[in-house]
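Q: Take a look at the following structure, please.
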Amino acid sequence: MLNVGQRVRLAADLRLAGSVTPAGEPAEEMEETGAFAASVSLAAGVEGTVERVDEHHRRQSHEVGEYLRLKSLLDDFGHQMPPESRRQLREQVGALEEHWTAHQRRMLRVTVRVRLDNGFVLDDAPEEAFTSA
């Protein structure tokens, strides 16, 4: 996990592409004449400082909620259940386990704002794009 003020290094080459509007030119005029296309490439190893860290919690699906409910039921009362009921509940939990595993892998998404030493600022960049410097 990256922290505000931490020095970081871009982990891989990065290419930013999109349309560009000259400063001071109204957006309506650009629609008539067409926008410029541009790209900027940043080389791996460029260093900078983390200015902001944002955590984005993802919502859980119905299957994940059901997994949590059934798993809790199994953990709390499974030892008191008849063997056949316990077996069925374990099967239901097992069938939903892949949804739970996938949710855990992507449950927290972290993005950062990094001011690079070359003057560029990358905002909402995935945390994985950087390593500690």
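How things are named: the first chain in the structure tokens is A, the next is B, and so on; residues count from 1 in each chain; ligands count from 1 in the order shown.
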Skipping near chain neighbours, those fewer than 5 positions away, what residues fall within 9 Å of region 6-15 of chain A using only C-alpha atoms, listed as number ranges by chain?
A: A: 39-51, 114, 116, 128-133
Q: Just the selected residues (N, CA and C atoms), exported as a PDB file, in the first residue's frame, please.
A:
ATOM      1  N   SER A  39      -0.580  11.688 -27.911  1.00  0.00           N
ATOM      2  CA  SER A  39      -0.209  10.691 -26.909  1.00  0.00           C
ATOM      3  C   SER A  39       1.079  11.139 -26.232  1.00  0.00           C
ATOM      4  N   VAL A  40       1.235  10.710 -25.018  1.00  0.00           N
ATOM      5  CA  VAL A  40       2.430  10.991 -24.237  1.00  0.00           C
ATOM      6  C   VAL A  40       2.916   9.661 -23.700  1.00  0.00           C
ATOM      7  N   SER A  41       4.203   9.413 -23.819  1.00  0.00           N
ATOM      8  CA  SER A  41       4.771   8.176 -23.283  1.00  0.00           C
ATOM      9  C   SER A  41       5.677   8.509 -22.112  1.00  0.00           C
ATOM     10  N   LEU A  42       5.537   7.733 -21.064  1.00  0.00           N
ATOM     11  CA  LEU A  42       6.393   7.881 -19.889  1.00  0.00           C
ATOM     12  C   LEU A  42       7.160   6.579 -19.712  1.00  0.00           C
ATOM     13  N   ALA A  43       8.454   6.689 -19.521  1.00  0.00           N
ATOM     14  CA  ALA A  43       9.303   5.505 -19.403  1.00  0.00           C
ATOM     15  C   ALA A  43       9.267   4.932 -17.998  1.00  0.00           C
ATOM     16  N   ALA A  44       9.362   3.619 -17.914  1.00  0.00           N
ATOM     17  CA  ALA A  44       9.473   2.962 -16.618  1.00  0.00           C
ATOM     18  C   ALA A  44      10.672   3.543 -15.884  1.00  0.00           C
ATOM     19  N   GLY A  45      10.548   3.710 -14.599  1.00  0.00           N
ATOM     20  CA  GLY A  45      11.646   4.238 -13.794  1.00  0.00           C
ATOM     21  C   GLY A  45      11.504   5.704 -13.459  1.00  0.00           C
ATOM     22  N   VAL A  46      10.569   6.419 -14.126  1.00  0.00           N
ATOM     23  CA  VAL A  46      10.342   7.825 -13.789  1.00  0.00           C
ATOM     24  C   VAL A  46       9.858   7.884 -12.349  1.00  0.00           C
ATOM     25  N   GLU A  47      10.453   8.777 -11.573  1.00  0.00           N
ATOM     26  CA  GLU A  47      10.106   8.850 -10.157  1.00  0.00           C
ATOM     27  C   GLU A  47       9.210  10.038  -9.851  1.00  0.00           C
ATOM     28  N   GLY A  48       8.520   9.945  -8.727  1.00  0.00           N
ATOM     29  CA  GLY A  48       7.652  11.021  -8.294  1.00  0.00           C
ATOM     30  C   GLY A  48       7.235  10.819  -6.848  1.00  0.00           C
ATOM     31  N   THR A  49       6.292  11.647  -6.410  1.00  0.00           N
ATOM     32  CA  THR A  49       5.825  11.618  -5.026  1.00  0.00           C
ATOM     33  C   THR A  49       4.313  11.432  -5.001  1.00  0.00           C
ATOM     34  N   VAL A  50       3.852  10.554  -4.144  1.00  0.00           N
ATOM     35  CA  VAL A  50       2.419  10.303  -3.996  1.00  0.00           C
ATOM     36  C   VAL A  50       1.783  11.497  -3.295  1.00  0.00           C
ATOM     37  N   GLU A  51       0.767  12.085  -3.944  1.00  0.00           N
ATOM     38  CA  GLU A  51       0.052  13.221  -3.354  1.00  0.00           C
ATOM     39  C   GLU A  51      -1.269  12.804  -2.722  1.00  0.00           C
ATOM     40  N   VAL A 114      -0.011  10.947  -8.398  1.00  0.00           N
ATOM     41  CA  VAL A 114       1.441  11.040  -8.261  1.00  0.00           C
ATOM     42  C   VAL A 114       1.948  12.214  -9.078  1.00  0.00           C
ATOM     43  N   LEU A 116       4.995  13.458 -10.809  1.00  0.00           N
ATOM     44  CA  LEU A 116       6.282  12.951 -11.271  1.00  0.00           C
ATOM     45  C   LEU A 116       7.322  14.062 -11.266  1.00  0.00           C
ATOM     46  N   GLU A 128      -0.860  -0.343  -8.604  1.00  0.00           N
ATOM     47  CA  GLU A 128       0.065  -1.349  -9.133  1.00  0.00           C
ATOM     48  C   GLU A 128       1.027  -0.790 -10.163  1.00  0.00           C
ATOM     49  N   ALA A 129       0.745   0.407 -10.698  1.00  0.00           N
ATOM     50  CA  ALA A 129       1.615   1.004 -11.709  1.00  0.00           C
ATOM     51  C   ALA A 129       2.913   1.535 -11.118  1.00  0.00           C
ATOM     52  N   PHE A 130       3.022   1.541  -9.775  1.00  0.00           N
ATOM     53  CA  PHE A 130       4.179   2.132  -9.104  1.00  0.00           C
ATOM     54  C   PHE A 130       4.812   1.169  -8.122  1.00  0.00           C
ATOM     55  N   THR A 131       6.119   1.358  -7.937  1.00  0.00           N
ATOM     56  CA  THR A 131       6.846   0.638  -6.898  1.00  0.00           C
ATOM     57  C   THR A 131       7.537   1.674  -6.024  1.00  0.00           C
ATOM     58  N   SER A 132       7.956   1.281  -4.841  1.00  0.00           N
ATOM     59  CA  SER A 132       8.675   2.193  -3.965  1.00  0.00           C
ATOM     60  C   SER A 132      10.009   2.552  -4.574  1.00  0.00           C
ATOM     61  N   ALA A 133      10.386   3.824  -4.441  1.00  0.00           N
ATOM     62  CA  ALA A 133      11.665   4.284  -5.004  1.00  0.00           C
ATOM     63  C   ALA A 133      12.778   4.074  -4.016  1.00  0.00           C
TER      64      ALA A 133
END
Q: Smallest atom-to-atom distance to Val112 (chain A): which of A:Ala37, A:Val64, A:Asn3, A:Val53, using only C-alpha atoms?
A: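 Looking only at the distances to Val112 (chain A), the closest residue turns out to be A:Val53.
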Q: Near His79 (chain A), within 12 Å and counting only C-alpha atoms, which residues show up once chain neighbours fewer than 6 positions away are dropped, as number ranges by chain?
A: A: 73, 85-87, 89-90
Q: Take CA of Phe36 (chain A) and CA of Thr21 (chain A) and report the distance between them in Å, one decimal.
A: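 Rounded to one decimal, the two atoms are 6.7 Å apart.
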Q: Work out how far apart CA of Val93 (chain A) and CA of Val110 (chain A) are and give it in Å to one decimal.
A: 28.9 Å
Q: Can you check which residues of chain A DSSP gives as strand (DSSP E or B) on the backbone and send them as an MDAnalysis selection string?
A: chainID A and resid 7:10 14:20 36:42 47:57 108:116 121:126 130:132
Q: Extract the full set of helix (DSSP H, G or I) residues from region 3-107 of chain A according to DSSP on the backbone, and format it as a ChimeraX atom specification.
A: /A:27-33,62-80,83-106
Q: Find the distance between CA of Arg106 (chain A) and CA of Glu55 (chain A) and write it in Å to one decimal.
A: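 Going from CA of Arg106 (chain A) over to CA of Glu55 (chain A), I get 11.7 Å.
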